[in-house]
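Heads up, the thing below is written out as structure tokens.
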Amino acid sequence: MNKLFTLLLISLSFSVLAQQDSLWKKQARIYTPEILLGQTFASNDGFPDRGIHKQLLFQFGRNHQNNPQEWAQRYKGIKTGVGFGITDFGNLDSLGVAFTIIPQVEFNAFGSKRFSTVVGLGASYFTKNYDLITNPNNQAVTTDYTWAFRLFLHYKFYKGNSIDWRIGAGYSHHSNGHTKLLNQGYNSILFSVSGEVHQAPKVSERKRINSLKKSRYKFIDARYGQGFQVLGLAFNKNKPVYTGAITFGNVYNNSLKIGVGAHYRFYQNYYDYIQDNESLVRDGKEFENFRERPFYYASNLGIHVNAEFLLNHFGIDITVGYNIYKPGYQIDWRINEGWDNTPREITNTWMLGEFNSKYHLKKSISTRMGLKYYLFGTHTYRKQNYYIGAHLNSNLGQADFTEVSIGYTYNFRLK
């Protein structure tokens, strides 16, 4: 699953570079080498000692300031691209090296052309990860492939004819999206120096559109996804999460989608735990009644609010939801939030996770973030469209499952 997910993100990344939109190809090209130094925080007790976090990142991208399409004009100063990086976390023996491919979007910040914010979401391959025998102290990731996320603020301190020099500061994160445990993740604070090299397009620059008419139309979106997750260390096998959702809302100015909807999920891990008569659902145990309706207790129904930033063929997708019911999460919490390394056969003296305020928040609030690729460009009104997506689903920020999805969007205007 991790390989499939990584291949999907790599495909999305290279589609940025190979996009056939003639207007996109005419935008100024950008080549940005960036040197980053900082510190990676300990992911667990006894985490290996680390030196300086060192990273080299090279980005190929486009500056869309002369792109006449509405989305580019709405997001003033927007740049898109794909970064390729190599990272030394400060301990080659235990933490190894990460090779990263990460699509990125850059916006002007604080209303200034000197400041910019960079957001990236992609995938990394690690040469070292957790192993009970050879690498027991590194509990950051247990898979070769992980999500890669970065959020940076850049300041342009010198502008030349063909190269702009910048300094930056930001946050970097790697984790496998709960597809295998252990999964504490890597979290790093970094500082950078970069040179943004500009190569002008081969056509004359297009004039910025000074006045844009506001537009709005309705959409209804239906998607199906398949996620993958593990239940706990004692059940450390990837099993599917089947998802479906319907969202209804408005598209504003061909550049922003805002919608509300409902979603359903079925967790195979919860269902199998109940069907297999595992420790916590046996006679006399806390969840013995779950055996009466295993399908119901393995299901999740919720409502959500969705925001999506449309960049022609691409969408940056963010969703926040409220779970109307998610009963199986009680088992999940009991197993994973008590004593470490909860065994499959749980004794009466074992300390399980407590149903505290943190539990109620995580059970109630779901979050979802990822990338979508549309078959047809979204820069103009089109009645029908199709997309594929890669998303990380979380319980209030704590990884729940990694998901790939397909979807259909129908757009319409009301009289």
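Residue names in the structure tokens use chain letters A, B, ... in the order shown, residue numbers from 1 in each chain, and ligand numbers from 1 in the order shown.
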
Please identify all polymer residues within 10 Å of stretch 45-60 of chain A, counting only C-alpha atoms, omitting same-chain residues fewer than 3 positions from it, and present them as a PDB file with C-alpha atoms, in the first residue's frame.
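Generated file (around_9.pdb):
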ATOM      1  CA  VAL A  16       2.971  18.935 -12.740  1.00  0.00           C
ATOM      2  CA  LEU A  17       6.139  18.921 -14.811  1.00  0.00           C
ATOM      3  CA  ARG A  29      10.412  28.619 -15.283  1.00  0.00           C
ATOM      4  CA  ILE A  30      12.018  28.527 -11.837  1.00  0.00           C
ATOM      5  CA  TYR A  31      14.930  26.428 -10.602  1.00  0.00           C
ATOM      6  CA  THR A  32      15.523  26.655  -6.874  1.00  0.00           C
ATOM      7  CA  PRO A  33      18.382  24.935  -5.037  1.00  0.00           C
ATOM      8  CA  GLU A  34      17.860  25.172  -1.268  1.00  0.00           C
ATOM      9  CA  ILE A  35      20.190  24.244   1.611  1.00  0.00           C
ATOM     10  CA  LEU A  36      18.439  23.512   4.917  1.00  0.00           C
ATOM     11  CA  LEU A  37      19.920  23.060   8.400  1.00  0.00           C
ATOM     12  CA  GLY A  38      18.176  22.474  11.698  1.00  0.00           C
ATOM     13  CA  GLN A  39      17.219  19.954  14.329  1.00  0.00           C
ATOM     14  CA  THR A  40      15.080  16.813  14.358  1.00  0.00           C
ATOM     15  CA  PHE A  41      13.301  16.241  17.673  1.00  0.00           C
ATOM     16  CA  ALA A  42      13.347  12.974  19.592  1.00  0.00           C
ATOM     17  CA  THR A  80       3.925  25.746  -8.334  1.00  0.00           C
ATOM     18  CA  GLY A  81       6.541  23.059  -8.651  1.00  0.00           C
ATOM     19  CA  VAL A  82       8.035  19.779  -7.552  1.00  0.00           C
ATOM     20  CA  GLY A  83      10.913  19.448  -5.119  1.00  0.00           C
ATOM     21  CA  PHE A  84      13.469  16.624  -5.027  1.00  0.00           C
ATOM     22  CA  GLY A  85      15.384  16.323  -1.777  1.00  0.00           C
ATOM     23  CA  ILE A  86      17.952  14.297   0.136  1.00  0.00           C
ATOM     24  CA  THR A  87      18.065  14.488   3.931  1.00  0.00           C
ATOM     25  CA  ASP A  88      20.557  13.494   6.632  1.00  0.00           C
ATOM     26  CA  PHE A  89      18.776  13.605  10.012  1.00  0.00           C
ATOM     27  CA  GLY A  90      22.039  13.758  11.958  1.00  0.00           C
ATOM     28  CA  ASN A  91      22.654  10.037  12.553  1.00  0.00           C
ATOM     29  CA  LEU A  92      23.299   7.962   9.453  1.00  0.00           C
ATOM     30  CA  ASP A  93      23.643   4.680  11.345  1.00  0.00           C
ATOM     31  CA  SER A  94      20.206   4.791  13.046  1.00  0.00           C
ATOM     32  CA  LEU A  95      18.153   7.381  11.136  1.00  0.00           C
ATOM     33  CA  VAL A  97      18.882   9.108   4.680  1.00  0.00           C
ATOM     34  CA  ALA A  98      15.530  10.163   3.202  1.00  0.00           C
ATOM     35  CA  PHE A  99      14.923  10.747  -0.506  1.00  0.00           C
ATOM     36  CA  THR A 100      11.900  12.984  -1.046  1.00  0.00           C
ATOM     37  CA  ILE A 101       9.640  14.016  -3.906  1.00  0.00           C
ATOM     38  CA  ILE A 102       7.200  16.733  -2.921  1.00  0.00           C
ATOM     39  CA  PRO A 103       4.784  18.891  -4.964  1.00  0.00           C
ATOM     40  CA  GLN A 104       4.796  22.438  -3.584  1.00  0.00           C
ATOM     41  CA  ASN A 135      17.534  -0.445  15.272  1.00  0.00           C
ATOM     42  CA  PRO A 136      15.266  -0.607  18.365  1.00  0.00           C
ATOM     43  CA  ASN A 137      15.703   3.012  19.518  1.00  0.00           C
ATOM     44  CA  ASN A 138      14.401   4.605  16.333  1.00  0.00           C
ATOM     45  CA  GLN A 139      10.610   4.372  16.632  1.00  0.00           C
ATOM     46  CA  ALA A 140       9.942   7.238  14.195  1.00  0.00           C
ATOM     47  CA  SER A 188      12.082  18.976  12.408  1.00  0.00           C
ATOM     48  CA  ILE A 189      12.550  22.741  12.654  1.00  0.00           C
ATOM     49  CA  LEU A 190      14.740  24.033   9.827  1.00  0.00           C
ATOM     50  CA  PHE A 191      16.377  27.187   8.498  1.00  0.00           C
ATOM     51  CA  SER A 192      17.323  27.595   4.865  1.00  0.00           C
ATOM     52  CA  SER A 194      17.996  29.355  -1.375  1.00  0.00           C
ATOM     53  CA  GLU A 196      15.536  31.209  -6.996  1.00  0.00           C
ATOM     54  CA  VAL A 197      16.758  31.169 -10.603  1.00  0.00           C
TER      55      VAL A 197
END

Using DSSP on the backbone coordinates, identify the residues of stretch 254-329 of chain A assigned to alpha helix (DSSP H); present them as a list in words.
->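 Of stretch 254-329 of chain A, only Gln268, Asn269, Tyr270, Tyr271, Asp272, Tyr273, Ile274, Gln275, Pro294, Phe295, Tyr296, Tyr297 and Tyr329 of chain A fall in alpha helix (DSSP H).
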
Excluding A:Glu70 and residues on its chain fewer than 3 positions from it, collect all residues at most 10 Å away from it, counting only C-alpha atoms, and give them as a ChimeraX atom specification.
-> /A:67,73-75,209,212-213,253-255,311-312,378-380

Distance in Å - atom CA of A:Tyr322 versus atom CA of A:Ser394 = 11.8 Å
